[in-house]
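The structure file work-v9.cif is reproduced below (mmCIF, C-alpha atoms).
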```cif
data_entry
loop_
_atom_site.label_atom_id
_atom_site.label_comp_id
_atom_site.auth_asym_id
_atom_site.auth_seq_id
_atom_site.Cartn_x
_atom_site.Cartn_y
_atom_site.Cartn_z
CA MET A 1 26.13 -1.10 -34.13
CA PRO A 2 25.35 2.62 -34.69
CA THR A 3 22.36 4.09 -32.89
CA ARG A 4 19.60 5.05 -35.33
CA ALA A 5 18.76 8.68 -34.61
CA VAL A 6 16.15 11.23 -35.64
CA LEU A 7 17.59 14.74 -36.11
CA VAL A 8 15.52 17.79 -35.16
CA GLY A 9 16.20 21.47 -35.83
CA VAL A 10 14.02 24.43 -34.85
CA ASP A 11 14.00 27.86 -36.50
CA LEU A 12 13.40 30.38 -33.72
CA GLY A 13 13.57 33.41 -36.00
CA PRO A 14 16.08 36.27 -36.34
CA GLY A 15 19.03 36.13 -33.96
CA SER A 16 18.95 32.35 -33.60
CA SER A 17 21.25 29.91 -35.37
CA PHE A 18 19.34 27.51 -37.62
CA ASP A 19 20.58 25.09 -40.28
CA PRO A 20 17.64 24.07 -42.49
CA THR A 21 19.62 21.17 -43.95
CA LEU A 22 20.85 19.84 -40.58
CA ASP A 23 23.98 18.73 -42.47
CA GLU A 24 26.36 19.79 -39.69
CA LEU A 25 24.25 18.02 -37.04
CA ALA A 26 24.31 14.90 -39.21
CA LEU A 27 28.12 15.08 -39.41
CA LEU A 28 28.29 15.51 -35.63
CA ALA A 29 26.00 12.52 -35.13
CA GLN A 30 28.10 10.38 -37.46
CA SER A 31 31.26 11.50 -35.65
CA ALA A 32 29.66 10.28 -32.42
CA GLY A 33 28.88 6.90 -34.00
CA ASP A 34 25.17 7.48 -34.67
CA ASP A 35 23.23 6.79 -37.86
CA PRO A 36 20.92 9.71 -38.80
CA VAL A 37 17.85 8.13 -40.39
CA VAL A 38 15.53 11.13 -40.80
CA ARG A 39 15.64 14.92 -40.38
CA ILE A 40 12.76 17.03 -39.07
CA THR A 41 12.60 20.82 -38.91
CA ALA A 42 10.12 23.16 -37.26
CA LYS A 43 9.53 26.89 -36.89
CA ARG A 44 8.47 28.60 -33.67
CA LYS A 45 8.53 32.12 -32.28
CA ALA A 46 9.84 30.78 -28.99
CA PRO A 47 10.67 27.35 -27.50
CA ASP A 48 7.84 25.50 -25.81
CA ALA A 49 8.56 25.44 -22.07
CA ALA A 50 7.67 21.77 -21.71
CA LEU A 51 8.62 20.05 -24.97
CA PHE A 52 10.67 22.72 -26.82
CA VAL A 53 8.83 21.95 -30.08
CA GLY A 54 5.24 21.81 -28.83
CA SER A 55 2.97 18.78 -28.53
CA GLY A 56 1.99 18.56 -32.21
CA LYS A 57 5.57 18.48 -33.50
CA ALA A 58 6.52 16.12 -30.65
CA ASP A 59 3.87 13.70 -31.91
CA GLU A 60 5.33 13.98 -35.43
CA ILE A 61 8.80 13.16 -34.05
CA LYS A 62 7.38 10.20 -32.13
CA ALA A 63 5.79 8.85 -35.32
CA ALA A 64 9.13 9.18 -37.13
CA VAL A 65 10.88 7.33 -34.29
CA GLN A 66 8.43 4.45 -34.60
CA THR A 67 8.45 4.40 -38.42
CA HIS A 68 12.25 4.34 -38.68
CA GLN A 69 12.78 2.24 -35.53
CA ALA A 70 15.09 4.90 -34.13
CA GLN A 71 16.71 4.50 -30.72
CA GLY A 72 17.32 8.21 -30.08
CA VAL A 73 16.50 11.80 -31.01
CA ILE A 74 19.10 14.57 -31.34
CA PHE A 75 18.18 18.28 -31.24
CA ASP A 76 20.32 20.91 -32.97
CA GLN A 77 19.65 23.37 -30.13
CA SER A 78 20.27 23.21 -26.40
CA LEU A 79 17.48 21.74 -24.27
CA SER A 80 16.71 22.52 -20.65
CA PRO A 81 16.78 19.57 -18.21
CA VAL A 82 12.97 19.72 -17.95
CA GLN A 83 12.50 19.74 -21.72
CA GLN A 84 14.87 16.80 -22.14
CA ARG A 85 13.10 14.76 -19.45
CA ASN A 86 9.64 15.54 -20.84
CA LEU A 87 10.70 14.67 -24.38
CA GLU A 88 12.18 11.33 -23.29
CA GLN A 89 8.94 10.47 -21.53
CA HIS A 90 6.84 11.55 -24.53
CA LEU A 91 8.96 9.91 -27.23
CA GLY A 92 9.96 6.78 -25.34
CA VAL A 93 13.62 6.99 -26.46
CA ALA A 94 16.78 8.75 -25.31
CA VAL A 95 17.01 12.46 -26.21
CA ALA A 96 20.23 14.46 -26.57
CA ASP A 97 20.90 18.05 -27.56
CA ARG A 98 23.74 19.62 -29.54
CA THR A 99 25.77 20.29 -26.39
CA ALA A 100 25.61 16.68 -25.21
CA LEU A 101 26.55 15.44 -28.69
CA ILE A 102 29.65 17.65 -28.87
CA LEU A 103 30.66 16.61 -25.35
CA ASP A 104 30.35 12.93 -26.31
CA ILE A 105 32.60 13.47 -29.35
CA PHE A 106 35.17 15.33 -27.27
CA ALA A 107 35.12 12.56 -24.66
CA ALA A 108 35.80 9.92 -27.33
CA ARG A 109 38.57 11.90 -29.07
CA ALA A 110 40.59 13.34 -26.17
CA GLN A 111 43.96 11.59 -25.96
CA SER A 112 46.17 13.57 -23.60
CA HIS A 113 45.80 13.67 -19.82
CA GLU A 114 44.93 17.36 -20.01
CA GLY A 115 42.38 16.83 -22.78
CA LYS A 116 40.62 14.10 -20.83
CA LEU A 117 40.46 16.30 -17.73
CA GLN A 118 39.07 19.22 -19.74
CA VAL A 119 36.33 17.08 -21.28
CA GLU A 120 35.47 15.49 -17.93
CA LEU A 121 35.07 18.92 -16.34
CA ALA A 122 32.76 20.11 -19.12
CA ARG A 123 30.67 16.93 -18.96
CA LEU A 124 30.35 17.11 -15.18
CA GLN A 125 29.27 20.75 -15.32
CA TYR A 126 26.70 19.88 -17.98
CA GLN A 127 25.40 16.83 -16.12
CA ALA A 128 25.23 18.62 -12.78
CA THR A 129 22.08 20.40 -13.97
CA ARG A 130 20.46 17.18 -15.19
CA LEU A 131 20.89 14.69 -12.35
CA VAL A 132 19.27 11.77 -14.11
CA ARG A 133 21.21 9.26 -12.00
CA ARG A 134 23.64 8.09 -14.68
CA TRP A 135 26.80 8.35 -12.64
CA SER A 136 28.40 4.91 -13.05
CA HIS A 137 31.60 6.59 -14.33
CA LEU A 138 32.05 8.29 -10.94
CA GLU A 139 32.94 4.94 -9.33
CA ARG A 140 30.83 5.51 -6.23
CA GLN A 141 32.64 4.35 -3.10
CA THR A 142 31.30 3.26 0.25
CA GLY A 143 33.86 4.98 2.43
CA GLY A 144 35.40 8.40 2.82
CA ILE A 145 34.20 11.72 4.13
CA GLY A 146 31.29 13.20 2.20
CA LEU A 147 30.52 10.10 0.15
CA ARG A 148 27.76 8.66 2.33
CA GLY A 149 24.38 10.27 2.55
CA GLY A 150 23.35 11.46 5.98
CA PRO A 151 19.96 10.75 7.59
CA GLY A 152 17.21 11.83 5.27
CA GLU A 153 19.52 12.80 2.43
CA THR A 154 17.90 12.03 -0.90
CA GLN A 155 19.69 10.22 -3.72
CA ILE A 156 19.64 13.34 -5.88
CA GLU A 157 21.26 15.40 -3.12
CA LEU A 158 23.96 12.76 -2.76
CA ASP A 159 24.52 12.76 -6.52
CA ARG A 160 24.78 16.55 -6.53
CA ARG A 161 27.31 16.52 -3.70
CA MET A 162 29.40 13.82 -5.38
CA ILE A 163 29.51 15.69 -8.67
CA GLY A 164 30.42 18.92 -6.87
CA GLU A 165 33.37 17.21 -5.18
CA ARG A 166 34.49 15.68 -8.45
CA ILE A 167 34.34 19.08 -10.21
CA LYS A 168 36.55 20.58 -7.48
CA SER A 169 39.04 17.74 -7.88
CA VAL A 170 39.23 18.03 -11.68
CA LYS A 171 39.59 21.84 -11.51
CA ALA A 172 42.49 21.47 -9.08
CA ARG A 173 44.26 19.00 -11.37
CA LEU A 174 43.69 21.23 -14.40
CA GLU A 175 45.15 24.19 -12.50
CA LYS A 176 48.37 22.21 -12.02
CA VAL A 177 48.49 21.47 -15.76
CA LYS A 178 47.87 25.15 -16.52
CA LYS A 179 50.82 26.17 -14.33
CA GLN A 180 53.05 23.70 -16.19
CA HIS A 181 51.95 25.15 -19.54
CA ASP A 182 52.47 28.70 -18.29
CA THR A 183 56.03 27.76 -17.34
CA GLN A 184 56.64 26.24 -20.79
CA ARG A 185 55.19 29.30 -22.55
CA ARG A 186 57.34 31.67 -20.49
CA ALA A 187 60.41 29.61 -21.40
CA ARG A 188 59.52 29.85 -25.10
CA ALA A 189 58.98 33.60 -24.75
CA LYS A 190 62.41 34.04 -23.12
CA SER A 191 64.04 32.07 -25.92
CA GLY A 192 62.65 34.56 -28.42
CA ALA A 193 60.81 31.86 -30.39
CA LEU A 194 57.94 33.26 -32.42
CA ARG A 195 54.68 31.40 -31.88
CA VAL A 196 52.28 30.72 -34.75
CA SER A 197 48.95 28.96 -34.11
CA LEU A 198 46.54 27.34 -36.53
CA VAL A 199 42.93 28.20 -35.72
CA GLY A 200 39.72 27.63 -37.64
CA TYR A 201 36.37 25.93 -37.89
CA THR A 202 36.40 22.20 -37.29
CA ASN A 203 37.22 20.11 -40.37
CA ALA A 204 38.73 23.08 -42.22
CA GLY A 205 41.90 21.01 -42.72
CA LYS A 206 44.11 22.47 -39.97
CA SER A 207 45.84 19.19 -39.11
CA THR A 208 46.46 18.33 -42.78
CA LEU A 209 47.96 21.79 -43.28
CA PHE A 210 50.02 21.40 -40.10
CA ASN A 211 51.45 18.11 -41.41
CA ALA A 212 52.16 19.61 -44.84
CA LEU A 213 54.04 22.59 -43.40
CA THR A 214 56.04 20.72 -40.75
CA LYS A 215 56.50 17.39 -42.59
CA SER A 216 55.02 15.60 -39.58
CA ARG A 217 52.42 12.86 -39.28
CA SER A 218 49.92 14.13 -36.74
CA TYR A 219 46.51 12.48 -36.96
CA ALA A 220 44.24 14.06 -39.57
CA ALA A 221 40.89 12.84 -40.90
CA ASP A 222 37.91 14.17 -42.84
CA GLN A 223 35.64 14.39 -39.83
CA LEU A 224 34.57 16.92 -37.21
CA PHE A 225 36.95 17.28 -34.25
CA ALA A 226 39.42 14.71 -35.55
CA THR A 227 42.01 16.11 -33.14
CA LEU A 228 41.52 17.86 -29.81
CA ASP A 229 44.94 18.04 -28.23
CA THR A 230 47.38 20.80 -29.14
CA THR A 231 50.38 19.62 -31.20
CA THR A 232 53.50 21.78 -31.49
CA ARG A 233 56.38 21.51 -33.97
CA GLN A 234 59.22 23.68 -35.28
CA LEU A 235 58.56 25.23 -38.69
CA TRP A 236 61.74 26.21 -40.56
CA LEU A 237 61.40 29.26 -42.81
CA ALA A 238 64.39 29.23 -45.16
CA GLU A 239 63.49 32.66 -46.59
CA ALA A 240 63.84 34.22 -43.13
CA GLY A 241 66.71 32.02 -41.99
CA ARG A 242 64.88 31.10 -38.81
CA SER A 243 62.23 28.80 -37.42
CA VAL A 244 58.95 29.48 -35.61
CA VAL A 245 56.92 27.35 -33.21
CA LEU A 246 53.75 26.15 -34.99
CA SER A 247 50.80 24.84 -32.94
CA ASP A 248 47.71 23.00 -34.17
CA THR A 249 44.73 23.73 -31.88
CA VAL A 250 41.21 22.35 -31.40
CA GLY A 251 38.68 23.40 -34.04
CA PHE A 252 35.75 25.69 -33.33
CA ILE A 253 32.10 25.10 -34.22
CA ARG A 254 28.80 26.97 -34.15
CA ASP A 255 27.23 27.06 -30.69
CA LEU A 256 30.33 25.58 -29.08
CA PRO A 257 29.15 24.99 -25.49
CA HIS A 258 30.36 27.77 -23.21
CA LYS A 259 31.40 25.24 -20.57
CA LEU A 260 33.56 23.54 -23.19
CA VAL A 261 35.23 26.84 -24.06
CA GLU A 262 35.87 27.35 -20.34
CA ALA A 263 37.23 23.83 -19.86
CA PHE A 264 39.48 24.07 -22.93
CA ARG A 265 40.76 27.52 -22.02
CA ALA A 266 44.20 26.07 -21.23
CA THR A 267 44.35 24.54 -24.71
CA LEU A 268 42.90 27.64 -26.38
CA GLN A 269 45.50 29.69 -24.53
CA GLU A 270 47.98 28.52 -27.19
CA ALA A 271 46.02 30.64 -29.66
CA ALA A 272 45.62 33.56 -27.25
CA ASP A 273 49.40 33.64 -26.60
CA ALA A 274 50.41 33.34 -30.25
CA ASP A 275 52.31 36.05 -32.11
CA LEU A 276 50.56 35.18 -35.38
CA LEU A 277 47.39 33.22 -36.21
CA LEU A 278 46.85 31.20 -39.37
CA HIS A 279 43.06 31.28 -39.64
CA VAL A 280 42.25 28.21 -41.75
CA VAL A 281 39.00 28.33 -43.74
CA ASP A 282 37.30 25.59 -45.74
CA ALA A 283 37.21 27.30 -49.16
CA ALA A 284 34.80 24.65 -50.48
CA SER A 285 32.20 25.20 -47.74
CA PRO A 286 29.08 27.18 -48.71
CA GLN A 287 29.02 28.37 -45.07
CA ALA A 288 32.57 29.76 -45.16
CA ASP A 289 31.52 33.29 -44.21
CA GLU A 290 29.46 32.09 -41.24
CA GLN A 291 32.30 29.84 -40.12
CA ILE A 292 34.79 32.72 -40.27
CA ALA A 293 32.43 34.82 -38.13
CA GLU A 294 32.11 32.02 -35.55
CA VAL A 295 35.88 31.62 -35.27
CA GLU A 296 36.26 35.39 -34.85
CA ARG A 297 33.63 35.29 -32.10
CA VAL A 298 35.49 32.60 -30.13
CA LEU A 299 38.83 34.39 -30.66
CA GLU A 300 37.27 37.50 -29.14
CA GLU A 301 35.95 35.44 -26.23
CA ILE A 302 39.45 34.16 -25.39
CA GLY A 303 41.09 37.56 -25.92
CA ALA A 304 42.85 36.76 -29.20
CA GLU A 305 40.97 39.10 -31.54
CA ARG A 306 43.86 41.59 -31.91
CA ILE A 307 46.54 39.05 -32.80
CA PRO A 308 47.77 39.47 -36.41
CA GLN A 309 46.24 36.94 -38.79
CA ILE A 310 46.73 35.36 -42.17
CA LEU A 311 43.54 33.98 -43.69
CA VAL A 312 44.31 30.59 -45.25
CA PHE A 313 41.57 29.41 -47.60
CA ASN A 314 42.25 25.66 -47.72
CA LYS A 315 40.80 22.77 -49.77
CA LEU A 316 41.18 24.68 -53.03
CA ASP A 317 41.31 21.27 -54.76
CA LEU A 318 37.64 20.76 -53.84
CA VAL A 319 36.47 24.07 -55.32
CA GLU A 320 34.97 23.98 -58.83
CA SER A 321 37.38 25.49 -61.36
CA SER A 322 34.78 28.10 -62.35
CA ALA A 323 34.49 29.25 -58.73
CA ARG A 324 38.21 29.47 -57.94
CA PRO A 325 39.70 32.88 -57.16
CA ARG A 326 41.46 34.81 -59.90
CA VAL A 327 44.53 35.40 -57.70
CA ALA A 328 46.63 33.08 -55.53
CA ALA A 329 46.90 35.62 -52.71
CA ASP A 330 45.62 39.05 -51.80
CA ARG A 331 44.58 41.18 -48.82
CA VAL A 332 41.09 41.71 -47.40
CA GLU A 333 39.55 44.18 -45.00
CA ARG A 334 39.03 42.38 -41.69
CA ALA A 335 38.27 45.59 -39.80
CA PRO A 336 37.66 49.11 -41.17
CA GLY A 337 40.84 50.14 -42.98
CA VAL A 338 42.81 47.12 -41.73
CA ALA A 339 44.38 44.73 -44.24
CA THR A 340 44.66 41.01 -43.59
CA PRO A 341 46.72 38.82 -45.94
CA ARG A 342 44.78 35.98 -47.55
CA VAL A 343 46.19 33.02 -49.44
CA PHE A 344 44.46 30.15 -51.25
CA VAL A 345 46.01 26.71 -50.74
CA SER A 346 45.43 22.99 -50.90
CA ALA A 347 47.16 21.23 -48.03
CA ARG A 348 46.37 17.95 -49.76
CA ASP A 349 48.21 18.58 -53.04
CA GLY A 350 50.60 21.26 -51.75
CA SER A 351 49.51 24.10 -54.01
CA GLY A 352 49.90 27.55 -52.48
CA LEU A 353 52.09 26.41 -49.57
CA ASP A 354 55.16 28.28 -50.84
CA THR A 355 53.06 31.45 -51.03
CA LEU A 356 51.81 30.85 -47.50
CA ARG A 357 55.36 30.48 -46.22
CA GLN A 358 56.28 33.74 -47.94
CA PHE A 359 53.28 35.46 -46.33
CA ILE A 360 54.44 34.25 -42.90
CA VAL A 361 57.95 35.57 -43.57
CA GLU A 362 56.57 38.93 -44.73
CA ARG A 363 54.43 39.17 -41.60
CA LEU A 364 57.32 38.52 -39.20
CA PRO A 365 58.59 42.15 -39.07
CA GLU A 366 55.06 43.30 -38.29
CA VAL A 367 54.77 40.71 -35.50
CA LEU A 368 58.17 41.68 -34.09
CA ASN A 369 57.07 45.32 -34.08
CA GLY A 370 54.12 44.63 -31.81
CA GLY A 371 51.50 43.52 -34.29
CA ALA A 372 50.84 46.87 -35.98
CA LEU A 373 48.55 46.07 -38.89
CA PRO A 374 48.99 47.68 -42.31
CA THR A 375 46.15 49.77 -43.70
CA LEU A 376 44.59 49.67 -47.12
CA ALA A 377 42.88 52.26 -49.21
CA PRO A 378 39.28 51.23 -50.05
CA GLU A 379 40.15 50.74 -53.74
CA ALA A 380 42.93 48.29 -52.80
CA LEU A 381 40.58 45.80 -51.15
CA SER A 382 40.36 42.45 -52.87
CA ILE A 383 37.68 40.41 -54.53
CA SER A 384 35.33 38.17 -52.54
CA PRO A 385 36.62 34.73 -51.46
CA HIS A 386 34.76 32.83 -54.17
CA ALA A 387 34.91 35.40 -56.95
#
```

As structure tokens, what does this structure read like?
Amino acid sequence: MPTRAVLVGVDLGPGSSFDPTLDELALLAQSAGDDPVVRITAKRKAPDAALFVGSGKADEIKAAVQTHQAQGVIFDQSLSPVQQRNLEQHLGVAVADRTALILDIFAARAQSHEGKLQVELARLQYQATRLVRRWSHLERQTGGIGLRGGPGETQIELDRRMIGERIKSVKARLEKVKKQHDTQRRARAKSGALRVSLVGYTNAGKSTLFNALTKSRSYAADQLFATLDTTTRQLWLAEAGRSVVLSDTVGFIRDLPHKLVEAFRATLQEAADADLLLHVVDAASPQADEQIAEVERVLEEIGAERIPQILVFNKLDLVESSARPRVAADRVERAPGVATPRVFVSARDGSGLDTLRQFIVERLPEVLNGGALPTLAPEALSISPHA
């Protein structure tokens, strides 16, 4: 039975990310198996050190918990360990923040050995600061060096030491996986295979587009983080008389926990090592511009910001006819004087896919020549995405 949850978002002013509708948090909660029953927003100049929202708003949240018989409260921002503990004591129910919610979703969705290790590392690093004695998954043993507390060692010190040892173990295993992937990537590079990676905000339709282009049946669903593990297939381009290696990678999201970016660096390396990126955008999302900016931010963080791109505005079938673009494809200015091809498609009904393939073929000489990007005169820049 889904956990009934109260959603809370706080506007901390300019420079902070705030969603007044809490729609994305609600989708995250539903993806984690929760049932959002009420949404509460607040505005503060700065977080309250003890309760994040202050005592008055905390009382309002507590009343909502009791009225709606909620079993938990989820915050759209990150909470400190002290704030989380104080809120749980004040509200009388479990409290989670955005980071914990995303980690829970990743833990439930990871399928591959590598994916499970990456999620475990991120969760351990998150929990290490919160030592609330919920370590049943660590399978505490009675023997072995370093697993028994010495004289006078407190339970929390023992927990901290156990988690530290587990983090070391997971990092070592991930390093082995990374070396295997590095070997595979070097082999692909020697073979001369061009690498194309799908990147984009979560639920932009990357996996559906991947299936449509490669005629495969990878898992795709209308939910956040439907797939986490990288899938790679050959994509034959008849116009060029050759194939490329196409990879579907994990989706990005606003405020993606830094520890999760670190843990998934091996997976994200597929994007960083690509010769060409297909940046998939949900054309029907009113937050498309913000989502593009967030993806660009993460690409910069992993060192992939200079890789040639094609912007793929997907889900055209969900856009109102009056709001659809006047052209099927064009070029936009991604950086001053730099042109980026853009194409409008629907992976669901197949419209625009032939144009996308042609764009990939046209971009191949540029990729082969070291990624030199064409320039545009100011008057040649296109209309806005939803014009």

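With atom CA of A:Gly54 on one side and atom CA of A:Gln30 on the other, the separation reads 27.0 Å.
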
Find the residues near stretch 78-93 of chain A: any atom within 6 Å, counting all atoms listed in the file, skip ones fewer than 3 places away on the same chain, and give them as a PDB file with C-alpha atoms, keeping the file's coordinate frame.
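The result, written out as selection-v4.pdb:
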```
ATOM      1  CA  ALA A  50       7.670  21.770 -21.710  1.00  0.00           C
ATOM      2  CA  LEU A  51       8.620  20.050 -24.970  1.00  0.00           C
ATOM      3  CA  LYS A  62       7.380  10.200 -32.130  1.00  0.00           C
ATOM      4  CA  GLN A  71      16.710   4.500 -30.720  1.00  0.00           C
ATOM      5  CA  GLY A  72      17.320   8.210 -30.080  1.00  0.00           C
ATOM      6  CA  ASP A  97      20.900  18.050 -27.560  1.00  0.00           C
ATOM      7  CA  ARG A  98      23.740  19.620 -29.540  1.00  0.00           C
ATOM      8  CA  ARG A 130      20.460  17.180 -15.190  1.00  0.00           C
TER       9      ARG A 130
END
```

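Across the model, the gap from atom CA of A:Phe106 to atom CA of A:Arg4 is 20.3 Å.
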
Quick one: everything within 9 Å of A:Ala204, counting only C-alpha atoms, minus sequence neighbours fewer than 6 positions away in the same chain. Send it as a PyMOL selection string. chain A and resi 222+224+251+280-283+285+313-315

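The residue set within 8 Å of stretch 339-353 of chain A, counting all atoms listed in the file and dropping same-chain residues fewer than 5 places from it, reads Gly205, Thr208, Leu209, Ala212, Leu213, Pro308, Gln309, Ile310, Leu311, Val312, Phe313, Asn314, Lys315, Leu316, Asp317, Ala328, Ala329, Asp330, Arg331, Val332, Glu333, Arg334, Phe359, Leu373, Pro374, Thr375, Leu376 and Leu381 of chain A.
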
Do you know which residues lie at most 12 Å from (20.2, 34.8, -32.6), with coordinates as in the file and all atoms listed in the file counted, and could you write them as number ranges by chain? A: 11-18, 45-46, 77, 254-255

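Distances from A:Leu198, A:Ala293, A:Ala272, A:Val37 to A:Leu246 were compared using all atoms listed in the file, and the smallest one belongs to A:Leu198.
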
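If you measure from each of A:Val73, A:Leu27, A:Ala172, A:Leu103 to A:Val6 using all atoms listed in the file, the closest one turns out to be A:Val73.
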
Resolved residues for the PyMOL selection byres ((chain A and resi 126) around 10) as a ChimeraX atom specification: /A:81,99-100,103,120-125,127-131,257,259-260

If I take atom CA of A:His181 and atom CA of A:Arg306, how far is one from the other in Å, to one decimal? 22.1 Å

Result set, the PyMOL selection byres ((chain A and resi 108) around 12) on current file, as a ChimeraX atom specification: /A:31-33,101-107,109-112,115-116,119-120,225-228

Explicit residue set for the PyMOL selection byres ((chain A and resi 53) around 10), as number ranges by chain: A: 8-10, 41-44, 46-52, 54-59, 61, 83, 87

Kindly save the residues from that selection, with C-alpha atoms included, as a PDB file, keeping the file's coordinate frame.
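Result went into again.pdb, see below:
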```
ATOM      1  CA  VAL A   8      15.520  17.790 -35.160  1.00  0.00           C
ATOM      2  CA  GLY A   9      16.200  21.470 -35.830  1.00  0.00           C
ATOM      3  CA  VAL A  10      14.020  24.430 -34.850  1.00  0.00           C
ATOM      4  CA  THR A  41      12.600  20.820 -38.910  1.00  0.00           C
ATOM      5  CA  ALA A  42      10.120  23.160 -37.260  1.00  0.00           C
ATOM      6  CA  LYS A  43       9.530  26.890 -36.890  1.00  0.00           C
ATOM      7  CA  ARG A  44       8.470  28.600 -33.670  1.00  0.00           C
ATOM      8  CA  ALA A  46       9.840  30.780 -28.990  1.00  0.00           C
ATOM      9  CA  PRO A  47      10.670  27.350 -27.500  1.00  0.00           C
ATOM     10  CA  ASP A  48       7.840  25.500 -25.810  1.00  0.00           C
ATOM     11  CA  ALA A  49       8.560  25.440 -22.070  1.00  0.00           C
ATOM     12  CA  ALA A  50       7.670  21.770 -21.710  1.00  0.00           C
ATOM     13  CA  LEU A  51       8.620  20.050 -24.970  1.00  0.00           C
ATOM     14  CA  PHE A  52      10.670  22.720 -26.820  1.00  0.00           C
ATOM     15  CA  GLY A  54       5.240  21.810 -28.830  1.00  0.00           C
ATOM     16  CA  SER A  55       2.970  18.780 -28.530  1.00  0.00           C
ATOM     17  CA  GLY A  56       1.990  18.560 -32.210  1.00  0.00           C
ATOM     18  CA  LYS A  57       5.570  18.480 -33.500  1.00  0.00           C
ATOM     19  CA  ALA A  58       6.520  16.120 -30.650  1.00  0.00           C
ATOM     20  CA  ASP A  59       3.870  13.700 -31.910  1.00  0.00           C
ATOM     21  CA  ILE A  61       8.800  13.160 -34.050  1.00  0.00           C
ATOM     22  CA  GLN A  83      12.500  19.740 -21.720  1.00  0.00           C
ATOM     23  CA  LEU A  87      10.700  14.670 -24.380  1.00  0.00           C
TER      24      LEU A  87
END
```
